[in-house]
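Raw contents of run_10.cif, mmCIF, C-alpha atoms:
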```cif
data_query
loop_
_atom_site.label_atom_id
_atom_site.label_comp_id
_atom_site.auth_asym_id
_atom_site.auth_seq_id
_atom_site.Cartn_x
_atom_site.Cartn_y
_atom_site.Cartn_z
CA MET A 13 55.89 -57.38 -35.87
CA ARG A 14 53.12 -59.85 -35.23
CA ARG A 15 53.42 -59.21 -31.53
CA LEU A 16 53.08 -55.47 -32.06
CA ARG A 17 50.01 -55.90 -34.30
CA ALA A 18 48.37 -58.25 -31.80
CA SER A 19 49.04 -55.82 -29.00
CA SER A 20 47.60 -52.97 -31.05
CA ASP A 21 44.45 -54.95 -31.84
CA GLY A 22 44.00 -55.67 -28.14
CA GLU A 23 44.33 -52.00 -27.28
CA LEU A 24 41.71 -51.10 -29.87
CA GLY A 25 39.32 -53.58 -28.33
CA GLY A 26 39.98 -52.16 -24.88
CA ILE A 27 39.34 -48.62 -26.09
CA ALA A 28 36.05 -49.73 -27.64
CA VAL A 29 34.96 -51.12 -24.27
CA ILE A 30 35.98 -47.91 -22.51
CA VAL A 31 34.12 -45.80 -25.11
CA ALA A 32 31.02 -47.95 -24.66
CA LEU A 33 31.18 -47.51 -20.90
CA LEU A 34 31.67 -43.77 -21.28
CA MET A 35 28.65 -43.61 -23.61
CA VAL A 36 26.53 -45.22 -20.90
CA ALA A 37 27.83 -42.68 -18.41
CA MET A 38 27.15 -39.84 -20.85
CA LEU A 39 23.60 -41.07 -21.35
CA GLY A 40 23.23 -41.14 -17.59
CA PHE A 41 24.41 -37.54 -17.32
CA ALA A 42 22.07 -36.57 -20.18
CA ALA A 43 19.22 -38.22 -18.30
CA LEU A 44 20.10 -36.18 -15.22
CA ALA A 45 20.50 -32.92 -17.12
CA ILE A 46 17.45 -33.17 -19.39
CA ASP A 47 15.01 -35.64 -17.88
CA VAL A 48 15.43 -34.35 -14.32
CA ALA A 49 14.96 -30.77 -15.57
CA LYS A 50 11.78 -31.93 -17.28
CA LEU A 51 10.57 -33.49 -14.02
CA TYR A 52 11.26 -30.28 -12.08
CA ALA A 53 9.37 -28.23 -14.66
CA GLU A 54 6.45 -30.66 -14.58
CA ARG A 55 6.34 -30.65 -10.79
CA ALA A 56 6.40 -26.83 -10.71
CA GLN A 57 3.34 -26.78 -12.98
CA LEU A 58 1.63 -29.37 -10.79
CA GLN A 59 2.42 -27.36 -7.66
CA ASN A 60 0.84 -24.25 -9.18
CA GLY A 61 -2.21 -26.31 -10.09
CA SER A 62 -2.57 -27.96 -6.70
CA ASP A 63 -2.10 -24.59 -4.94
CA ALA A 64 -4.77 -22.96 -7.13
CA GLY A 65 -7.23 -25.83 -6.68
CA ALA A 66 -6.79 -26.11 -2.91
CA LEU A 67 -7.03 -22.34 -2.36
CA MET A 68 -10.15 -22.13 -4.50
CA MET A 69 -11.81 -24.97 -2.59
CA ALA A 70 -10.94 -23.43 0.78
CA GLN A 71 -12.39 -20.07 -0.29
CA LYS A 72 -15.60 -21.75 -1.42
CA CYS A 73 -15.82 -23.69 1.87
CA ALA A 74 -15.11 -20.53 3.90
CA LYS A 75 -18.07 -18.77 2.26
CA ASN A 76 -20.42 -21.76 2.25
CA ASP A 77 -19.41 -25.31 3.13
CA THR A 78 -22.42 -26.68 1.25
CA ASP A 79 -21.15 -25.24 -2.04
CA THR A 80 -20.76 -27.92 -4.72
CA GLU A 81 -17.14 -26.82 -5.16
CA CYS A 82 -16.54 -27.52 -1.46
CA SER A 83 -16.44 -31.26 -2.09
CA ALA A 84 -13.98 -34.05 -2.86
CA THR A 85 -15.35 -34.14 -6.43
CA SER A 86 -14.97 -30.43 -7.18
CA PRO A 87 -14.89 -30.01 -10.99
CA LEU A 88 -13.36 -26.55 -10.75
CA ALA A 89 -10.38 -27.92 -8.77
CA ALA A 90 -9.61 -30.34 -11.61
CA ASP A 91 -10.00 -27.54 -14.14
CA LEU A 92 -7.59 -25.27 -12.27
CA ALA A 93 -5.03 -28.06 -11.92
CA ASN A 94 -5.13 -28.66 -15.65
CA LYS A 95 -5.05 -25.00 -16.69
CA ASN A 96 -1.81 -24.49 -14.76
CA ALA A 97 -0.10 -27.13 -16.94
CA ILE A 98 1.51 -26.06 -20.21
CA ASP A 99 0.74 -29.43 -21.81
CA GLY A 100 -2.83 -29.55 -20.45
CA LEU A 101 -2.31 -33.07 -19.11
CA SER A 102 -2.55 -32.47 -15.37
CA ASN A 103 -5.31 -33.89 -13.22
CA VAL A 104 -6.48 -34.12 -9.63
CA LYS A 105 -5.23 -37.37 -8.15
CA SER A 106 -6.96 -36.99 -4.79
CA ILE A 107 -8.76 -34.49 -2.54
CA ALA A 108 -8.83 -34.90 1.24
CA LEU A 109 -11.49 -32.55 2.61
CA ASP A 110 -12.12 -32.15 6.36
CA LYS A 111 -14.93 -29.66 6.93
CA ILE A 112 -14.90 -30.15 10.71
CA ASN A 113 -11.26 -29.10 11.04
CA ARG A 114 -11.55 -26.75 8.05
CA THR A 115 -8.71 -28.20 5.95
CA VAL A 116 -8.29 -29.46 2.41
CA THR A 117 -5.33 -31.26 0.82
CA LEU A 118 -5.29 -31.56 -2.95
CA THR A 119 -2.82 -33.75 -4.85
CA ALA A 120 -2.32 -33.14 -8.56
CA GLY A 121 -0.67 -35.56 -10.98
CA ALA A 122 0.52 -35.52 -14.59
CA THR A 123 -0.24 -38.15 -17.21
CA GLU A 124 1.50 -38.00 -20.60
CA SER A 125 0.35 -39.91 -23.65
CA GLY A 126 1.87 -43.37 -23.65
CA ALA A 127 2.82 -43.23 -19.96
CA SER A 128 1.10 -44.93 -17.05
CA ALA A 129 -1.34 -43.00 -14.81
CA ASN A 130 0.11 -39.89 -13.15
CA SER A 131 3.44 -40.54 -14.92
CA VAL A 132 5.74 -38.55 -17.18
CA SER A 133 7.68 -40.25 -19.98
CA LEU A 134 11.48 -39.93 -19.96
CA PHE A 135 13.62 -39.84 -23.11
CA PHE A 136 17.25 -40.46 -22.18
CA ALA A 137 16.49 -42.38 -19.01
CA GLY A 138 14.36 -44.72 -21.13
CA VAL A 139 17.55 -46.08 -22.65
CA LEU A 140 18.60 -47.11 -19.15
CA GLY A 141 15.29 -48.84 -18.48
CA PHE A 142 13.39 -45.97 -16.83
CA ALA A 143 10.72 -45.17 -19.41
CA SER A 144 8.51 -43.05 -17.11
CA THR A 145 8.13 -41.92 -13.54
CA GLU A 146 5.29 -40.70 -11.36
CA VAL A 147 5.10 -36.96 -10.67
CA ASN A 148 2.74 -35.49 -8.08
CA ALA A 149 2.39 -32.28 -6.06
CA SER A 150 0.25 -31.67 -2.98
CA SER A 151 -1.08 -28.50 -1.35
CA SER A 152 -2.74 -28.19 2.04
CA VAL A 153 -4.92 -25.21 2.94
CA ARG A 154 -6.94 -24.31 6.03
CA TRP A 155 -9.69 -21.79 6.49
CA GLY A 156 -11.52 -20.15 9.38
CA SER A 157 -12.20 -16.88 11.09
CA PRO A 158 -9.27 -15.12 12.76
CA VAL A 159 -9.11 -15.28 16.55
CA GLU A 160 -5.67 -13.73 17.00
CA GLY A 161 -3.42 -11.55 14.85
CA THR A 162 -2.14 -8.06 14.15
CA ILE A 163 -4.64 -5.58 12.71
CA PHE A 164 -3.37 -2.76 10.49
CA PHE A 165 -5.72 -0.08 11.84
CA PRO A 166 -6.57 0.33 15.57
CA LEU A 167 -10.35 0.39 15.33
CA ALA A 168 -13.01 -1.84 16.93
CA PHE A 169 -16.73 -2.00 16.19
CA SER A 170 -19.67 -2.71 18.47
CA ILE A 171 -21.48 -5.93 17.63
CA CYS A 172 -24.75 -4.04 17.27
CA GLN A 173 -23.23 -2.16 14.32
CA VAL A 174 -22.31 -5.44 12.64
CA SER A 175 -25.23 -7.76 13.40
CA GLY A 176 -27.59 -7.94 10.44
CA MET A 177 -25.48 -5.50 8.45
CA VAL A 178 -23.05 -7.87 6.71
CA ASP A 179 -23.43 -7.29 2.97
CA GLY A 180 -25.98 -4.60 3.80
CA SER A 181 -26.00 -0.93 2.93
CA ALA A 182 -23.26 1.58 3.71
CA GLN A 183 -23.25 3.16 7.18
CA LEU A 184 -21.81 6.20 8.88
CA LEU A 185 -20.35 5.00 12.19
CA GLN A 186 -19.54 7.91 14.48
CA ASN A 187 -17.03 7.65 17.27
CA HIS A 188 -17.28 11.08 18.85
CA SER A 189 -20.04 12.36 21.15
CA ALA A 190 -22.46 10.23 23.14
CA ASP A 191 -25.25 8.30 21.47
CA ALA A 192 -24.27 9.49 17.98
CA ASN A 193 -25.44 6.21 16.45
CA ALA A 194 -29.10 5.81 17.27
CA ASP A 195 -29.17 2.28 15.80
CA CYS A 196 -26.56 1.03 18.28
CA PRO A 197 -28.01 1.22 21.82
CA LEU A 198 -25.42 -0.99 23.50
CA GLY A 199 -25.48 1.15 26.61
CA PRO A 200 -25.04 4.77 27.63
CA ALA A 201 -21.88 6.72 27.03
CA GLY A 202 -19.50 5.92 29.86
CA LYS A 203 -20.19 2.18 29.74
CA THR A 204 -19.50 1.72 26.07
CA VAL A 205 -17.05 3.88 24.22
CA PRO A 206 -19.28 6.58 22.65
CA GLY A 207 -20.48 5.92 19.12
CA GLY A 208 -20.49 2.13 19.06
CA PHE A 209 -16.78 1.65 18.33
CA GLY A 210 -13.45 2.99 19.55
CA TRP A 211 -9.71 2.90 19.22
CA THR A 212 -7.73 -0.13 20.35
CA ALA A 213 -4.20 -0.33 21.72
CA GLN A 214 -1.40 0.09 19.16
CA ASN A 215 1.96 -1.62 18.94
CA ALA A 216 4.84 0.75 19.69
CA GLY A 217 5.59 2.88 16.64
CA GLN A 218 2.90 1.18 14.52
CA CYS A 219 -0.60 2.07 13.39
CA GLY A 220 -2.18 -1.27 14.31
CA GLY A 221 -1.71 -3.72 17.13
CA LEU A 222 -2.07 -7.30 18.26
CA VAL A 223 -5.61 -8.54 18.88
CA ASN A 224 -6.46 -11.73 20.74
CA LEU A 225 -10.13 -12.62 21.16
CA ALA A 226 -9.30 -14.81 24.16
CA ILE A 227 -8.37 -11.83 26.34
CA ASN A 228 -9.89 -8.39 26.90
CA GLN A 229 -8.36 -5.71 24.70
CA SER A 230 -7.18 -2.79 26.84
CA GLY A 231 -6.73 0.80 25.80
CA SER A 232 -9.04 3.32 24.17
CA ALA A 233 -9.17 6.93 23.05
CA THR A 234 -12.42 8.87 22.79
CA GLY A 235 -11.26 12.37 21.86
CA ASN A 236 -11.05 14.21 18.54
CA ASP A 237 -7.52 13.16 17.69
CA GLY A 238 -7.06 10.31 15.25
CA PRO A 239 -4.62 7.45 15.90
CA SER A 240 -0.90 8.11 15.69
CA ASN A 241 1.46 6.44 13.19
CA CYS A 242 -1.40 5.96 10.70
CA ASP A 243 -0.76 8.67 8.09
CA ALA A 244 0.77 6.24 5.57
CA ILE A 245 -2.12 3.78 6.00
CA LEU A 246 -4.78 6.47 5.52
CA ASN A 247 -3.04 8.05 2.53
CA GLY A 248 -2.84 4.60 0.98
CA TRP A 249 -6.56 4.06 1.54
CA ALA A 250 -7.36 7.39 -0.11
CA SER A 251 -5.22 6.55 -3.15
CA GLU A 252 -6.91 3.17 -3.57
CA ILE A 253 -10.43 4.61 -3.25
CA ALA A 254 -9.64 7.44 -5.67
CA ALA A 255 -8.41 4.84 -8.17
CA GLY A 256 -11.68 2.95 -7.88
CA ARG A 257 -10.21 0.01 -5.97
CA PRO A 258 -11.82 -1.37 -2.79
CA VAL A 259 -10.24 -0.91 0.63
CA ILE A 260 -11.18 -3.85 2.85
CA VAL A 261 -9.81 -4.23 6.36
CA LEU A 262 -10.27 -6.88 9.04
CA LEU A 263 -11.23 -5.24 12.33
CA PRO A 264 -12.26 -6.65 15.71
CA VAL A 265 -15.82 -6.60 17.05
CA TYR A 266 -16.70 -6.17 20.73
CA ASP A 267 -19.86 -7.01 22.66
CA ASP A 268 -19.06 -5.19 25.91
CA VAL A 269 -16.79 -2.52 27.34
CA THR A 270 -15.66 -1.92 30.89
CA GLY A 271 -14.09 1.29 32.11
CA THR A 272 -14.05 4.65 30.36
CA GLY A 273 -11.74 6.78 28.26
CA SER A 274 -8.16 5.56 27.92
CA GLY A 275 -8.85 2.99 30.65
CA ALA A 276 -11.59 1.24 28.70
CA SER A 277 -11.26 -2.47 28.04
CA TYR A 278 -13.07 -4.24 25.18
CA HIS A 279 -14.49 -7.74 25.30
CA LEU A 280 -13.85 -8.89 21.73
CA ASN A 281 -15.76 -11.75 20.14
CA SER A 282 -14.93 -11.79 16.41
CA PHE A 283 -13.41 -10.02 13.42
CA ALA A 284 -15.44 -8.29 10.72
CA ALA A 285 -14.50 -7.20 7.20
CA PHE A 286 -15.20 -3.51 6.57
CA ASN A 287 -15.20 -1.91 3.12
CA VAL A 288 -13.93 1.63 3.77
CA GLN A 289 -15.43 4.48 1.72
CA GLY A 290 -14.50 7.58 3.70
CA TRP A 291 -13.65 8.92 7.17
CA ALA A 292 -13.21 11.98 9.38
CA PHE A 293 -10.99 11.36 12.38
CA SER A 294 -9.72 14.85 13.30
CA GLY A 295 -10.07 18.59 12.80
CA ALA A 296 -9.02 20.16 9.49
CA ASP A 297 -10.75 18.90 6.36
CA LYS A 298 -7.62 17.48 4.73
CA LEU A 299 -5.71 14.22 4.34
CA PRO A 300 -4.75 12.02 5.95
CA MET A 301 -7.13 12.17 8.91
CA VAL A 302 -10.09 13.30 6.80
CA TYR A 303 -11.10 11.88 3.44
CA ASN A 304 -14.31 13.33 2.01
CA ASN A 305 -15.47 10.68 -0.37
CA THR A 306 -18.95 12.15 0.03
CA PRO A 307 -21.69 9.62 -0.71
CA ALA A 308 -24.78 10.52 -2.70
CA THR A 309 -26.94 10.31 0.43
CA ASN A 310 -26.54 13.21 2.81
CA SER A 311 -27.18 10.95 5.79
CA LEU A 312 -23.73 9.41 5.25
CA GLU A 313 -21.79 12.67 5.09
CA CYS A 314 -19.28 13.22 7.89
CA LYS A 315 -18.45 16.91 8.03
CA GLY A 316 -18.24 19.68 10.59
CA ASN A 317 -18.18 18.18 14.09
CA CYS A 318 -18.76 14.66 12.81
CA ARG A 319 -16.04 12.11 13.62
CA GLY A 320 -16.42 8.67 12.14
CA ILE A 321 -15.97 6.28 9.27
CA ILE A 322 -18.14 5.50 6.24
CA GLY A 323 -18.42 2.07 4.65
CA LYS A 324 -20.13 -1.28 4.99
CA PHE A 325 -19.54 -4.70 6.47
CA ILE A 326 -19.11 -7.46 3.90
CA LYS A 327 -18.53 -11.18 3.65
CA TYR A 328 -14.89 -11.45 2.73
CA VAL A 329 -12.33 -14.21 2.37
CA SER A 330 -8.80 -12.91 2.91
CA LEU A 331 -5.52 -14.56 1.88
CA ALA A 332 -3.67 -12.69 4.62
CA ASP A 333 -1.28 -14.73 6.73
CA GLY A 334 -0.18 -14.38 10.33
CA TYR A 335 -3.58 -15.11 11.90
CA LYS A 336 -4.53 -17.88 14.30
CA LEU A 337 -7.77 -19.33 13.00
CA GLY A 338 -10.90 -20.71 14.64
CA PRO A 339 -14.44 -21.69 13.59
CA VAL A 340 -16.13 -19.58 10.94
CA SER A 341 -17.80 -16.50 12.45
CA PRO A 342 -21.19 -15.20 11.26
CA ASN A 343 -19.72 -11.70 11.00
CA GLY A 344 -18.35 -12.27 7.52
CA ALA A 345 -14.55 -12.26 7.88
CA THR A 346 -12.68 -15.47 7.08
CA VAL A 347 -9.08 -16.22 6.21
CA VAL A 348 -7.61 -18.88 3.91
CA GLU A 349 -4.00 -19.92 4.47
CA LEU A 350 -1.72 -22.21 2.48
CA THR A 351 -0.06 -24.44 5.10
CA SER A 352 2.07 -26.70 2.86
#
```

Please express what this file holds, its structure, as structure tokens.
Amino acid sequence: MRRLRASSDGELGGIAVIVALLMVAMLGFAALAIDVAKLYAERAQLQNGSDAGALMMAQKCAKNDTDTECSATSPLAADLANKNAIDGLSNVKSIALDKINRTVTLTAGATESGASANSVSLFFAGVLGFASTEVNASSSVRWGSPVEGTIFFPLAFSICQVSGMVDGSAQLLQNHSADANADCPLGPAGKTVPGGFGWTAQNAGQCGGLVNLAINQSGSATGNDGPSNCDAILNGWASEIAAGRPVIVLLPVYDDVTGTGSGASYHLNSFAAFNVQGWAFSGADKLPMVYNNTPATNSLECKGNCRGIIGKFIKYVSLADGYKLGPVSPNGATVVELTS
């Protein structure tokens, strides 16, 4: 009987050791399930904050690289990083700003009360000796003017229609009949496409097409007919304008044209942002090729034999992707892209 009792006592001691070991393992699993989830949630907030701060800085730099927010001490970047955190404890750890190469990398960190700098306290893992851990998130953004990419509408403007008109008044730009735009004397009809702008080549089955400023853009159309495959684009523009929302498109600018008619070739030098207000591209006065958003001034009406587009060139920072970027152009169109 003594032997049995001694053996039973030994088994109880062994079970206690096993239970203690299992408790350690359970705490480890709890640390993984709860603490790691907390770290993922914290990092997601930091990523939102670093994205917002870096994008804001790049947009400020794209508009004006002397802006106080286009600096490694941007107060708004820190504010955005913090406002994207539920606990309001996020901060900007570092900002690497390269104005020459037009890039910014912002790193955000989280600091909880009682934890070391840029660290988050851990509850279950603290039992295992890991009281806190550092959590950071970085975002890299570049900015510049597009030099290559796909445009959504096959239209190019003459540089003399853009120069001095960025953020100016609205214009009626006509593209049918010679010398229709008296303020754009870039050459007689036959050398330039009449009207100071013209149609560019389209991708097969699409409204727009690829534009590369490094090569001449071939293809033009100077007749009454509007571009093919563009009904959905134009109907969408009309709906947005009717709802009071702006329609802003990035379109190429040329400074010379060789050839005539469908054989014309544009020498492109930049992109411009155009705020569309109305257009008349073909015969009958109905959508989609005609949208009579008639301005108050009669000089901007486009009716009867008029063929053209109404709107104005603006300074605009786009978040569109898919563009190859170069130095900032004076013609007002820049793009900001999140690279990592």

Which of these, A:Gln71, A:Ser240, A:Gln173, A:Gln186, has the shortest distance to Lys315 of chain A once you count all atoms listed in the file?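 So, comparing all the options, the nearest one is A:Gln186.
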
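Counting from atom CA of Leu350 of chain A, the distance to atom CA of Arg154 of chain A is 6.7 Å.
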
I'd like the neighbourhood of Ser83 of chain A as a list in words, where a residue qualifies if any of its atoms comes within 9 Å (using all atoms listed in the file), though same-chain residues fewer than 6 positions away should be ignored.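 Those residues are Met69, Cys73, Asp77, Ile107 and Leu109 of chain A.
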
Which one of A:Ala70, A:Ile321, A:Ile171, A:Ala53 sits closest to Asp268 of chain A if you count all atoms listed in the file?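 With all atoms listed in the file as the atom set, the closest residue is A:Ile171.
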
Hey, what comes out of the PyMOL selection byres ((chain A and resi 247-261) around 6) on this file? Could you write it as a PyMOL selection string? chain A and resi 244-246+262+285-288+300

Counting only C-alpha atoms, closest pick from A:Leu280, A:Ala182, A:Ala122, A:Ala93 relative to Leu312 of chain A is A:Ala182

Would you write out, as a PyMOL selection string, every residue that the PyMOL selection byres ((chain A and resi 89) around 12) captures in this file? chain A and resi 60-72+80-88+90-96+102-107+116-120+151

So, counting only C-alpha atoms, which residue among A:Val269, A:Val329, A:Leu225, A:Ile322 is closest to Phe283 of chain A?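 Result for the nearest residue to Phe283 of chain A: A:Leu225.
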
Provide the atom CA of Lys324 of chain A to atom CA of Thr162 of chain A distance in Å, to one decimal place. 21.3 Å

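What separates atom CA of Gln229 of chain A from atom CA of Cys196 of chain A is a distance of 20.4 Å.
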
With a distance cut-off of 10 Å and all atoms listed in the file, select the neighbouring residues of Cys219 of chain A, excluding the residue or stretch itself and same-chain residues fewer than 2 positions from it, and output the selection as a PyMOL selection string. chain A and resi 163-166+213-217+221+239-246

For the residues in that selection, give me C-alpha atoms as a compact mmCIF listing (two decimals), in the frame of the given file.
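Result written to again-v4.txt:
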```
# COMPACT_ATOMS: atom_id res chain seq x y z
CA ILE A 163 -4.64 -5.58 12.71
CA PHE A 164 -3.37 -2.76 10.49
CA PHE A 165 -5.72 -0.08 11.84
CA PRO A 166 -6.57 0.33 15.57
CA ALA A 213 -4.20 -0.33 21.72
CA GLN A 214 -1.40 0.09 19.16
CA ASN A 215 1.96 -1.62 18.94
CA ALA A 216 4.84 0.75 19.69
CA GLY A 217 5.59 2.88 16.64
CA GLY A 221 -1.71 -3.72 17.13
CA PRO A 239 -4.62 7.45 15.90
CA SER A 240 -0.90 8.11 15.69
CA ASN A 241 1.46 6.44 13.19
CA CYS A 242 -1.40 5.96 10.70
CA ASP A 243 -0.76 8.67 8.09
CA ALA A 244 0.77 6.24 5.57
CA ILE A 245 -2.12 3.78 6.00
CA LEU A 246 -4.78 6.47 5.52
```

Can you translate the PyMOL selection byres ((chain A and resi 158) around 7) into the concrete residues it hits in this file, as a VMD selection string? chain A and resid 156 to 157 159 to 160 283 335 to 338 346 to 347
